[in-house]
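Report on the structure given below.
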Amino acid sequence: MKKNICLFLIIAFIAIITSFQTNPETATERVQANYAENVEAFRASIDTYLALAQMKVVDSEALYKAHINCRLNFKKIEHIIGHYDEQYVKFSLNGAPLPVIRQEPDSIRVVEPEGLQILDELVAEDEPDIEKIVEKLSVLQTSFAEVAAYEKRRHLDDKRIMEAMRSQIVRVFALSLTGFDTPGSGNGIAEAKAALQSMLNDFLEYKNDNNAAAKPHFAKAKNLFEASINYLGNNTDFDTFNRLYFIRNFMNPLSESLLNFHLAMRFRLDSAERAATLSINYHAKMPFSNDFLNPYYYTYLKPHQDNEAMVKLGGYLFFEPALSTNNKMSCGTCHQPDKAFTDGLKKSRSNHSEGTVLRNSPTIINAVFSSRHFYDLRSDRFENQAADVIKNADEFRSDFDEIREKLSQSPEYQKLFNEAFEYATWSETKIDQYTITTALASFVKSLRSFNSPFDQYIRGETKEIDPQIERGFNIFMGKGACGTCHFAPTFNGLVPPDYHENETEVLGVPADTTNTAIDADEGRFANGRPHEAAEHYRHSFKTVTVRNVALTPPYMHNGIYETLEQVVDFYNNGGGAGMGLEVEYQTLAPDSLGLNLEEQAALVKFMGSLTDDSFEEYVPKRLPEFEVGSELREVSREVEY
């Protein structure tokens, strides 16, 4: 009898311990349990997919279904694994189906793409290459098996769970609904639904953990989750899906509601110093807020150093011809405010008699939001770009010793530098390469444009928009595939959801309008970085923003097109390869987009709605004076640009 009682107590004790282990008490623990379950489901779906591909007689329909199921299972874990391990997702799980450069000690190695996106292309082919699919799936299976055990016990916290959900909102509208994630299957709407449903399941774990202040925000976010999932379920056609309505009415308000819930629950927040190191400002209400991206992430400048005096000084320096060796060229020569800081030339003029430089001048509005600069991405930070222009023999043809000597002849400039760099102690005059490029960076950082008529509408600040603009945006983000390279909300090549890396594209831009030969400019391939001299970067150029694009003709790096209508026609016809040119590594699909004239006109109308033309105010009314008798100029004069 005593033995039976002891046995009963032992069993009861084990049951109690097990109940604690299998029934997590906190919302965070329950989210962790959900994640572990979804990780295992994804791992198992890879196994099933591979087993079908390895059968002697492959059932193509069953294989395709297994692929779709595998991707849907990935979408259930993407918000967490993508937020915690961005690089692993990029290189192994769901990166773009393009070659990747790996730098070796003495050479470069071109690595073929791995993961679900390349599989999405392979499995959707009319005659799938089963051997290639098995190869890619085997790599995926091995890769994920190595991390699955860790992922199932990964420690999560409330702060990062909320951030992960808000990052996933960006993935949904910028990557899933544009077709970027599903280049072969086009199953982005269903995947967006799976992603949101998984996030809702996690969010519901906080249902009973609310404080009084958080309850209304929880209820609103829950309703928005459910409404967005319902909308995706009822609107499944890729070409007709109303992305503008979806973002404006569901994604933006959901992002704001999750932020309000986060704040009301008093979950941990980043310190000001930590926040300054992140590309995303998680205090911004929504992805289309004008403070969504953190400009300081992309420059050497830090918030505690930046000030109004530095911006003012940078503005003077931007329009100062004394920065060039012949005192005739300033940054404003090629970046003119009335042209959205471009110059309207096919190729920008040089600082000597040979005429022009290799390319034209792209806008510098929002240029701070770039991880790399110039059309060929040869510069890492804006400060380095400014130094390149100053030293370049075709541009300013100057150096910082020469500039320091010139600016030191101006008591007014000396005063401006002292005020802007009051914190600096390493230089008596405070005029050197660091202060010059930092002041220029501070000024360029101030040139931001997220307040166009389109922005005001999508944020819900205005109630009406031209139906043609709405249609154009939906084409841009859908059928036209523009949004798969010009990512929202920057509409440039900075890749969501973390916006850490700039993309370049091979478009096959012709040398002239006869369309008989590709432009000879080799772009990124010839940027001077040995590890990027890879064939797939030949004729590859930075994806620049289409914000304010109506003000910046001519278009393309060589200014070949005078109108946006011509640009849209070029893309609609499949770029250079679509026009019959030999472009081996073109990243733009060579097939026609099939846009009719009305759809093309709507695209142009939408791009025009991104115009925010209030930039004349950035031009100083005069430049600082130099000492009387200086060969630079005796008194201040009106700025010319």
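Simple scheme: letters A, B, ... for chains in structure tokens order, numbers from 1 for residues in each chain, numbers from 1 for ligands in the order shown.
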
Problem - Within 8 Å of stretch 336-343 of chain A using only C-alpha atoms, minus same-chain residues under 6 positions, as JSON, numbers by chain - result: {"A": [360, 361, 362, 363, 364, 365, 548, 551, 552, 613, 615, 616, 618, 619, 641]}

With only C-alpha atoms as the counted atoms, please give the residues lying no more than 9 Å from stretch 208-214 of chain A, apart from itself and same-chain residues fewer than 3 positions off, as a PDB file with C-alpha atoms, in the first residue's frame.
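Generated output (around_0.pdb):
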```pdb
ATOM      1  CA  THR A  26       3.614  34.152 -19.560  1.00  0.00           C
ATOM      2  CA  ALA A  27       2.736  35.494 -22.978  1.00  0.00           C
ATOM      3  CA  LEU A 204      -3.428  36.733 -28.854  1.00  0.00           C
ATOM      4  CA  GLU A 205      -1.108  35.196 -26.261  1.00  0.00           C
ATOM      5  CA  HIS A 217      -4.789  49.094 -28.051  1.00  0.00           C
ATOM      6  CA  PHE A 218      -4.890  45.304 -27.824  1.00  0.00           C
ATOM      7  CA  ALA A 219      -8.491  45.280 -29.020  1.00  0.00           C
ATOM      8  CA  ASN A 260       0.735  51.955 -28.748  1.00  0.00           C
ATOM      9  CA  PHE A 261       0.304  48.519 -27.173  1.00  0.00           C
ATOM     10  CA  HIS A 262       4.079  48.215 -26.754  1.00  0.00           C
ATOM     11  CA  LEU A 263       4.245  51.591 -25.000  1.00  0.00           C
ATOM     12  CA  ALA A 264       1.173  50.992 -22.838  1.00  0.00           C
ATOM     13  CA  MET A 265       2.557  47.650 -21.668  1.00  0.00           C
TER      14      MET A 265
END
```

Per-residue nearest contacts of stretch 340-378 of chain A to stretch 498-504 of chain A (9 Å; only C-alpha atoms) as a Markdown table:
```
| residue | atom | partner | partner_atom | distance |
| --- | --- | --- | --- | --- |
| A:Phe369 | CA | A:Tyr499 | CA | 8.4 |
| A:Ser370 | CA | A:Asn502 | CA | 6.5 |
| A:Ser371 | CA | A:Glu501 | CA | 5.7 |
| A:Arg372 | CA | A:Asn502 | CA | 6.4 |
| A:His373 | CA | A:Asn502 | CA | 8.8 |
| A:Tyr375 | CA | A:Thr504 | CA | 8.4 |
| A:Asp376 | CA | A:Thr504 | CA | 8.0 |
| A:Leu377 | CA | A:Thr504 | CA | 8.2 |
```

Would you save the residues from that selection as an mmCIF file, in the first residue's frame, using C-alpha atoms?
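Everything below was put into out29.cif:
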```cif
data_model
loop_
_atom_site.group_PDB
_atom_site.id
_atom_site.type_symbol
_atom_site.label_atom_id
_atom_site.label_comp_id
_atom_site.auth_asym_id
_atom_site.auth_seq_id
_atom_site.Cartn_x
_atom_site.Cartn_y
_atom_site.Cartn_z
ATOM 1 C CA PHE A 369 19.061 56.750 -46.793
ATOM 2 C CA SER A 370 21.690 54.724 -48.620
ATOM 3 C CA SER A 371 24.254 52.237 -47.438
ATOM 4 C CA ARG A 372 26.374 52.836 -50.564
ATOM 5 C CA HIS A 373 26.754 55.860 -52.846
ATOM 6 C CA TYR A 375 25.658 54.825 -59.360
ATOM 7 C CA ASP A 376 28.351 52.146 -59.022
ATOM 8 C CA LEU A 377 28.219 51.930 -55.182
#
```

Practice task
Within stretch 388-562 of chain A, find each residue whose DSSP state, derived from the backbone, is strand (DSSP E), and express the selection as a list in words.
Solution key: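 Going through stretch 388-562 of chain A, the strand (DSSP E) residues come out as Thr504, Glu505, Val506, Ser540, Phe541 and Lys542 of chain A.
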
Practice task
Figure out the distance between atom CA of A:Asn201 and atom CA of A:Ser279, please, to one decimal in Å.
Solution key: 27.6 Å

Exercise for the section: Could you please determine the separation between atom CA of A:Ile469 and atom CA of A:Val546 in Å, to one decimal place? Expected result: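 The value is 14.4 Å.
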
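Distances from A:Ile189, A:Leu140, A:Val110, A:Val123 to A:Asn242 were compared using only C-alpha atoms, and the smallest one belongs to A:Ile189.
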